[in-house]
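Engineer: Below is the file target.cif, with mmCIF, C-alpha atoms.
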```
data_final
#
loop_
_atom_site.group_PDB
_atom_site.id
_atom_site.type_symbol
_atom_site.label_atom_id
_atom_site.label_comp_id
_atom_site.auth_asym_id
_atom_site.auth_seq_id
_atom_site.Cartn_x
_atom_site.Cartn_y
_atom_site.Cartn_z
ATOM 1 C CA MET A 719 -75.220 2.218 -0.656
ATOM 2 C CA LYS A 720 -73.184 0.402 -3.301
ATOM 3 C CA LYS A 721 -70.705 3.275 -3.367
ATOM 4 C CA ILE A 722 -70.264 3.130 0.433
ATOM 5 C CA THR A 723 -69.716 -0.656 0.328
ATOM 6 C CA VAL A 724 -67.076 -0.389 -2.428
ATOM 7 C CA THR A 725 -65.340 2.422 -0.540
ATOM 8 C CA PHE A 726 -65.452 0.407 2.682
ATOM 9 C CA VAL A 727 -64.007 -2.737 1.006
ATOM 10 C CA LEU A 728 -61.295 -0.654 -0.648
ATOM 11 C CA LEU A 729 -60.417 1.006 2.669
ATOM 12 C CA VAL A 730 -60.284 -2.352 4.496
ATOM 13 C CA SER A 731 -58.045 -3.759 1.736
ATOM 14 C CA ILE A 732 -55.634 -0.833 1.993
ATOM 15 C CA VAL A 733 -55.499 -1.010 5.788
ATOM 16 C CA SER A 734 -54.985 -4.795 5.696
ATOM 17 C CA THR A 735 -52.149 -4.462 3.185
ATOM 18 C CA VAL A 736 -50.411 -1.767 5.263
ATOM 19 C CA VAL A 737 -50.788 -3.819 8.467
ATOM 20 C CA PHE A 738 -49.548 -6.981 6.713
ATOM 21 C CA PHE A 739 -46.395 -5.353 5.306
ATOM 22 C CA THR A 740 -45.715 -3.506 8.557
ATOM 23 C CA SER A 741 -46.076 -6.797 10.434
ATOM 24 C CA CYS A 742 -43.670 -8.504 7.983
ATOM 25 C CA ASP A 743 -41.062 -5.791 8.508
ATOM 26 C CA LYS A 744 -41.453 -6.059 12.277
ATOM 27 C CA ALA A 745 -41.225 -9.856 12.105
ATOM 28 C CA LYS A 746 -38.049 -9.617 10.008
ATOM 29 C CA GLU A 747 -36.574 -7.147 12.489
ATOM 30 C CA LEU A 748 -37.448 -9.432 15.430
ATOM 31 C CA ALA A 749 -35.861 -12.436 13.678
ATOM 32 C CA LYS A 750 -32.446 -10.734 13.492
ATOM 33 C CA PHE A 751 -29.782 -11.818 15.959
ATOM 34 C CA ASP A 752 -26.172 -10.919 16.748
ATOM 35 C CA VAL A 753 -23.261 -13.324 16.465
ATOM 36 C CA LYS A 754 -19.880 -12.858 18.108
ATOM 37 C CA MET A 755 -17.170 -15.100 16.727
ATOM 38 C CA THR A 756 -13.503 -15.684 17.538
ATOM 39 C CA LEU A 757 -11.575 -16.243 14.328
ATOM 40 C CA PRO A 758 -8.706 -18.743 14.142
ATOM 41 C CA THR A 759 -5.391 -17.273 15.313
ATOM 42 C CA VAL A 760 -3.019 -16.233 12.539
ATOM 43 C CA ASN A 761 0.619 -17.118 13.253
ATOM 44 C CA VAL A 762 3.061 -14.533 11.926
ATOM 45 C CA PRO A 763 6.775 -15.341 11.762
ATOM 46 C CA ILE A 764 9.173 -12.406 12.085
ATOM 47 C CA THR A 765 12.659 -13.452 11.070
ATOM 48 C CA ALA A 766 15.931 -11.598 11.471
ATOM 49 C CA ALA A 767 16.772 -12.701 7.910
ATOM 50 C CA GLU A 768 13.917 -10.451 6.645
ATOM 51 C CA LYS A 769 16.008 -7.441 7.564
ATOM 52 C CA SER A 770 16.052 -5.196 4.539
ATOM 53 C CA GLY A 771 16.147 -1.413 4.387
ATOM 54 C CA LEU A 772 12.377 -1.297 4.890
ATOM 55 C CA THR A 773 10.988 0.057 8.099
ATOM 56 C CA GLU A 774 7.548 -1.516 7.611
ATOM 57 C CA GLN A 775 6.975 -5.031 6.330
ATOM 58 C CA TYR A 776 3.849 -7.159 6.202
ATOM 59 C CA PHE A 777 2.593 -10.703 6.513
ATOM 60 C CA GLN A 778 -0.387 -11.629 4.347
ATOM 61 C CA PHE A 779 -3.031 -14.043 5.651
ATOM 62 C CA SER A 780 -6.478 -15.454 4.911
ATOM 63 C CA GLN A 781 -9.357 -15.822 7.372
ATOM 64 C CA TYR A 782 -12.426 -18.023 7.168
ATOM 65 C CA VAL A 783 -15.772 -17.139 8.741
ATOM 66 C CA ASN A 784 -17.960 -20.236 9.071
ATOM 67 C CA VAL A 785 -21.330 -18.794 8.050
ATOM 68 C CA ASP A 786 -22.570 -22.293 7.186
ATOM 69 C CA SER A 787 -22.358 -23.287 10.859
ATOM 70 C CA ILE A 788 -24.644 -20.367 11.718
ATOM 71 C CA LYS A 789 -27.127 -21.466 9.053
ATOM 72 C CA ALA A 790 -27.075 -25.044 10.345
ATOM 73 C CA ALA A 791 -27.368 -24.056 14.020
ATOM 74 C CA HIS A 792 -30.430 -21.908 13.348
ATOM 75 C CA GLY A 793 -32.067 -23.979 10.601
ATOM 76 C CA LEU A 794 -31.615 -21.286 7.935
ATOM 77 C CA SER A 795 -31.172 -21.849 4.232
ATOM 78 C CA THR A 796 -30.238 -18.240 3.469
ATOM 79 C CA LEU A 797 -29.230 -15.255 5.506
ATOM 80 C CA GLU A 798 -27.895 -11.761 5.162
ATOM 81 C CA LEU A 799 -25.131 -10.247 7.286
ATOM 82 C CA GLU A 800 -25.186 -6.672 8.599
ATOM 83 C CA ASN A 801 -23.197 -4.445 10.958
ATOM 84 C CA GLY A 802 -19.934 -6.391 10.775
ATOM 85 C CA THR A 803 -17.259 -5.068 13.120
ATOM 86 C CA VAL A 804 -14.056 -6.220 14.738
ATOM 87 C CA THR A 805 -14.586 -6.281 18.505
ATOM 88 C CA GLY A 806 -11.094 -7.306 19.533
ATOM 89 C CA ALA A 807 -7.619 -7.832 18.089
ATOM 90 C CA THR A 808 -4.547 -8.914 20.026
ATOM 91 C CA LEU A 809 -0.939 -9.612 19.090
ATOM 92 C CA THR A 810 0.765 -12.138 21.368
ATOM 93 C CA ILE A 811 4.247 -13.625 21.214
ATOM 94 C CA THR A 812 3.827 -17.400 20.933
ATOM 95 C CA SER A 813 7.519 -18.240 20.504
ATOM 96 C CA PRO A 814 10.032 -18.016 22.072
ATOM 97 C CA ALA A 815 8.436 -18.494 25.480
ATOM 98 C CA GLY A 816 8.959 -15.636 27.901
ATOM 99 C CA ALA A 817 9.914 -13.099 25.196
ATOM 100 C CA ASN A 818 8.670 -9.526 25.324
ATOM 101 C CA LEU A 819 7.696 -6.947 22.710
ATOM 102 C CA ALA A 820 10.769 -4.710 23.091
ATOM 103 C CA PHE A 821 11.495 -5.251 19.366
ATOM 104 C CA LEU A 822 8.043 -4.111 18.130
ATOM 105 C CA ASN A 823 7.836 -0.424 17.233
ATOM 106 C CA SER A 824 4.312 -0.564 15.765
ATOM 107 C CA ALA A 825 1.837 -2.774 13.951
ATOM 108 C CA ARG A 826 -1.444 -2.421 12.106
ATOM 109 C CA VAL A 827 -3.936 -4.834 10.574
ATOM 110 C CA THR A 828 -5.794 -4.336 7.314
ATOM 111 C CA LEU A 829 -8.255 -6.336 5.265
ATOM 112 C CA PHE A 830 -8.122 -6.104 1.508
ATOM 113 C CA THR A 831 -10.119 -6.978 -1.583
ATOM 114 C CA SER A 832 -9.007 -8.637 -4.807
ATOM 115 C CA ALA A 833 -8.672 -5.108 -6.236
ATOM 116 C CA ASN A 834 -6.145 -4.511 -3.412
ATOM 117 C CA ASN A 835 -8.302 -1.875 -1.698
ATOM 118 C CA GLU A 836 -7.304 -1.937 1.966
ATOM 119 C CA LEU A 837 -9.375 -1.231 5.051
ATOM 120 C CA GLN A 838 -7.467 -0.720 8.293
ATOM 121 C CA ILE A 839 -9.180 -2.417 11.231
ATOM 122 C CA GLY A 840 -6.695 -1.849 14.045
ATOM 123 C CA HIS A 841 -3.311 -0.492 15.057
ATOM 124 C CA THR A 842 -0.972 -0.349 18.009
ATOM 125 C CA GLY A 843 -0.591 2.681 20.153
ATOM 126 C CA VAL A 844 2.340 2.743 22.553
ATOM 127 C CA VAL A 845 3.731 -0.792 22.831
ATOM 128 C CA ASN A 846 4.748 -1.834 26.347
ATOM 129 C CA ALA A 847 8.260 -3.210 25.806
ATOM 130 C CA THR A 848 8.008 -5.562 28.803
ATOM 131 C CA ALA A 849 4.675 -7.105 27.777
ATOM 132 C CA SER A 850 4.258 -10.259 25.706
ATOM 133 C CA SER A 851 1.003 -9.093 24.085
ATOM 134 C CA VAL A 852 -0.652 -5.910 22.936
ATOM 135 C CA GLN A 853 -4.331 -5.143 22.417
ATOM 136 C CA LEU A 854 -4.828 -3.268 19.145
ATOM 137 C CA ILE A 855 -6.718 0.005 19.039
ATOM 138 C CA LEU A 856 -9.690 -0.729 16.799
ATOM 139 C CA ASP A 857 -10.536 1.554 13.908
ATOM 140 C CA VAL A 858 -14.151 2.233 12.994
ATOM 141 C CA ALA A 859 -14.604 -0.080 10.024
ATOM 142 C CA ASP A 860 -17.584 -1.866 8.478
ATOM 143 C CA ILE A 861 -16.260 -5.327 7.599
ATOM 144 C CA THR A 862 -19.611 -6.744 6.472
ATOM 145 C CA PRO A 863 -18.536 -7.173 2.818
ATOM 146 C CA PHE A 864 -15.506 -9.215 3.949
ATOM 147 C CA LEU A 865 -17.613 -11.437 6.230
ATOM 148 C CA THR A 866 -20.199 -12.007 3.502
ATOM 149 C CA ASN A 867 -17.515 -13.571 1.301
ATOM 150 C CA GLN A 868 -16.692 -16.006 4.167
ATOM 151 C CA VAL A 869 -12.998 -16.082 3.161
ATOM 152 C CA PHE A 870 -11.130 -12.820 3.187
ATOM 153 C CA SER A 871 -7.528 -11.660 3.110
ATOM 154 C CA GLY A 872 -5.635 -9.416 5.447
ATOM 155 C CA ARG A 873 -2.206 -8.075 6.197
ATOM 156 C CA LEU A 874 -0.355 -7.511 9.429
ATOM 157 C CA TYR A 875 2.037 -4.621 8.848
ATOM 158 C CA TYR A 876 4.830 -4.385 11.390
ATOM 159 C CA ASP A 877 7.804 -2.169 12.109
ATOM 160 C CA VAL A 878 10.447 -3.863 14.264
ATOM 161 C CA ASN A 879 13.917 -3.220 15.574
ATOM 162 C CA TYR A 880 15.706 -6.371 14.363
ATOM 163 C CA ALA A 881 18.594 -5.794 16.776
ATOM 164 C CA LEU A 882 16.147 -6.413 19.661
ATOM 165 C CA LEU A 883 14.612 -9.656 18.343
ATOM 166 C CA PRO A 884 14.844 -12.205 21.182
ATOM 167 C CA ALA A 885 15.456 -15.081 18.733
ATOM 168 C CA PRO A 886 16.287 -15.565 15.035
ATOM 169 C CA THR A 887 12.554 -16.161 14.429
ATOM 170 C CA VAL A 888 9.768 -14.826 16.605
ATOM 171 C CA LEU A 889 6.192 -16.078 16.185
ATOM 172 C CA ILE A 890 3.380 -13.653 16.900
ATOM 173 C CA GLY A 891 -0.240 -14.764 17.058
ATOM 174 C CA LEU A 892 -2.922 -12.412 15.756
ATOM 175 C CA ALA A 893 -6.271 -13.164 17.400
ATOM 176 C CA ASN A 894 -9.449 -11.405 16.229
ATOM 177 C CA THR A 895 -13.045 -11.427 17.361
ATOM 178 C CA VAL A 896 -15.814 -10.158 15.127
ATOM 179 C CA GLN A 897 -19.467 -9.387 15.622
ATOM 180 C CA PHE A 898 -22.258 -9.106 13.075
ATOM 181 C CA THR A 899 -26.018 -9.211 12.800
ATOM 182 C CA VAL A 900 -27.695 -12.099 11.002
ATOM 183 C CA SER A 901 -30.903 -11.366 9.173
ATOM 184 C CA PRO A 902 -32.760 -14.520 8.083
ATOM 185 C CA LEU A 903 -34.236 -14.180 4.616
#
```
Is it possible to express this structure as structure tokens?
Structural biologist:
Amino acid sequence: MKKITVTFVLLVSIVSTVVFFTSCDKAKELAKFDVKMTLPTVNVPITAAEKSGLTEQYFQFSQYVNVDSIKAAHGLSTLELENGTVTGATLTITSPAGANLAFLNSARVTLFTSANNELQIGHTGVVNATASSVQLILDVADITPFLTNQVFSGRLYYDVNYALLPAPTVLIGLANTVQFTVSPL
């Protein structure tokens, strides 16, 4: 009888432990939520004076992802980010008013690390010369490590025909939206 009782207690303990840890994993999975965020627009000046023999030039920028606001809004002290992706990227002429993209041959956007490893997140296809904005074709890219750092760097590479610039300096706005999953710890 003693042997049956010990075996029963041991079996109940094992089952309880399995159920407890399975329940914890399910609870953690249920606590996850997705966040979609529009990042501040990056203003890129393209100046006729930049004209050099290069066909492709770039503008370097920094972006900030306000993870602290997510923590505060959801009452979290710590969190983990997963599944970071860019869900939209658009280039739009902000100055001069009424200008079109006839001067833009192509553009692409990359993110990079301090070791200068680049990850392309989007590029132009055919640019409509009469349009004032172009939606970038998004590349499949996991940007979670960049979002986790909250501040990351990027580059907008562009190839332009300087003879077609509508003004000595053209300002282009780069607008990005990102999405990621938040996992409370």
Engineer: Find the residues around Gln781 in chain A up to 7 Å (only C-alpha atoms counted), leave out those fewer than 4 positions away in its own chain, and share them as a list of chain:residue names.
Structural biologist: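 Contacts, with the query itself left out: A:Val869, A:Phe870, A:Ser871.
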Engineer: Could you give me, as an NGL selection string, the residues within 8 Å of Pro814 in chain A, counting all atoms listed in the file and dropping anything in the same chain fewer than 3 positions from it?
Structural biologist: :A and (811 or 817 or 884-885 or 888-889)
Engineer: Can you measure CA of Ala849 in chain A to CA of Pro886 in chain A for me? One decimal in Å is fine.
Structural biologist: 19.2 Å
Engineer: Extract, using all atoms listed in the file, all DNA, RNA and protein residues at most 6 Å from Phe898 in chain A, discarding same-chain residues fewer than 2 positions from it, and format them as an NGL selection string.
Structural biologist: :A and (752-753 or 800-802)
Engineer: If the PyMOL selection byres ((chain A and resi 790-794) around 12) were run on this exact file, what residues would it hold? Put them as a list of chain:residue names.
Structural biologist: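 Applying the PyMOL selection byres ((chain A and resi 790-794) around 12) to the structure shown produces A:Ala749, A:Lys750, A:Phe751, A:Val753, A:Asn784, A:Val785, A:Asp786, A:Ser787, A:Ile788, A:Lys789, A:Ser795, A:Thr796, A:Leu797, A:Glu798, A:Val900, A:Ser901, A:Pro902, A:Leu903.
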Engineer: Take every atom of range 850-860 of chain A listed in the file, pad by 4 Å on each side, and give me the axis-aligned box centre and edge lengths in Å, one decimal, as AutoDock Vina command-line options.
Structural biologist:
```
--center_x -6.7 --center_y -4.0 --center_z 17.1 --size_x 29.8 --size_y 20.5 --size_z 25.2
```
Engineer: Could you list as a PyMOL selection string every residue that has an atom within 8 Å of (-1.4, -0.9, 15.9), using the file's coordinates and counting all atoms listed in the file?
Structural biologist: chain A and resi 824-827+840-843+854-855
Engineer: Keeping only C-alpha atoms, take the residues you just selected and write them out as a short mmCIF file (atom, residue, chain, number, x, y, z; two decimals), keeping the file's coordinate frame.
Structural biologist:
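Now in selection_3.cif:
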```
data_model
loop_
_atom_site.label_atom_id
_atom_site.label_comp_id
_atom_site.auth_asym_id
_atom_site.auth_seq_id
_atom_site.Cartn_x
_atom_site.Cartn_y
_atom_site.Cartn_z
CA SER A 824 4.31 -0.56 15.76
CA ALA A 825 1.84 -2.77 13.95
CA ARG A 826 -1.44 -2.42 12.11
CA VAL A 827 -3.94 -4.83 10.57
CA GLY A 840 -6.70 -1.85 14.04
CA HIS A 841 -3.31 -0.49 15.06
CA THR A 842 -0.97 -0.35 18.01
CA GLY A 843 -0.59 2.68 20.15
CA LEU A 854 -4.83 -3.27 19.14
CA ILE A 855 -6.72 0.00 19.04
#
```
Engineer: For this file, the PyMOL selection byres ((chain A and resi 756-763) around 8) selects which residues, as a ChimeraX atom specification?
Structural biologist: /A:754-755,764-765,777,779,781-783,887-896
Engineer: Record the distance separating CA of Thr805 in chain A and CA of Ser832 in chain A, expressed in Å with one decimal.
Structural biologist: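 Distance between the two atoms: 24.1 Å.
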Engineer: Hey, can you check how far CA of Asn818 in chain A sits from CA of Gly806 in chain A?
Structural biologist: 20.7 Å
Engineer: Out of A:Ser851, A:Asn867, A:Leu822, A:Ser780, which residue has the shortest atom-to-atom distance to Leu883 in chain A when counting all atoms listed in the file?
Structural biologist: A:Leu822
Engineer: Counting all atoms listed in the file, what is within 9 Å of Ser850 in chain A, bar same-chain residues fewer than 4 positions away, as a list in words?
Structural biologist: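 Residues meeting the cut-off are Leu809, Thr810, Ile811, Thr812, Gly816, Ala817, Asn818, Leu819, Ala820 and Asn846 of chain A.
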Engineer: With distances taken over only C-alpha atoms, which residue among A:Arg873, A:Val852, A:Phe821, A:Phe864 lies nearest Ala766 in chain A?
Structural biologist: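 Residue with the minimum atom-to-atom distance to Ala766 in chain A: A:Phe821.
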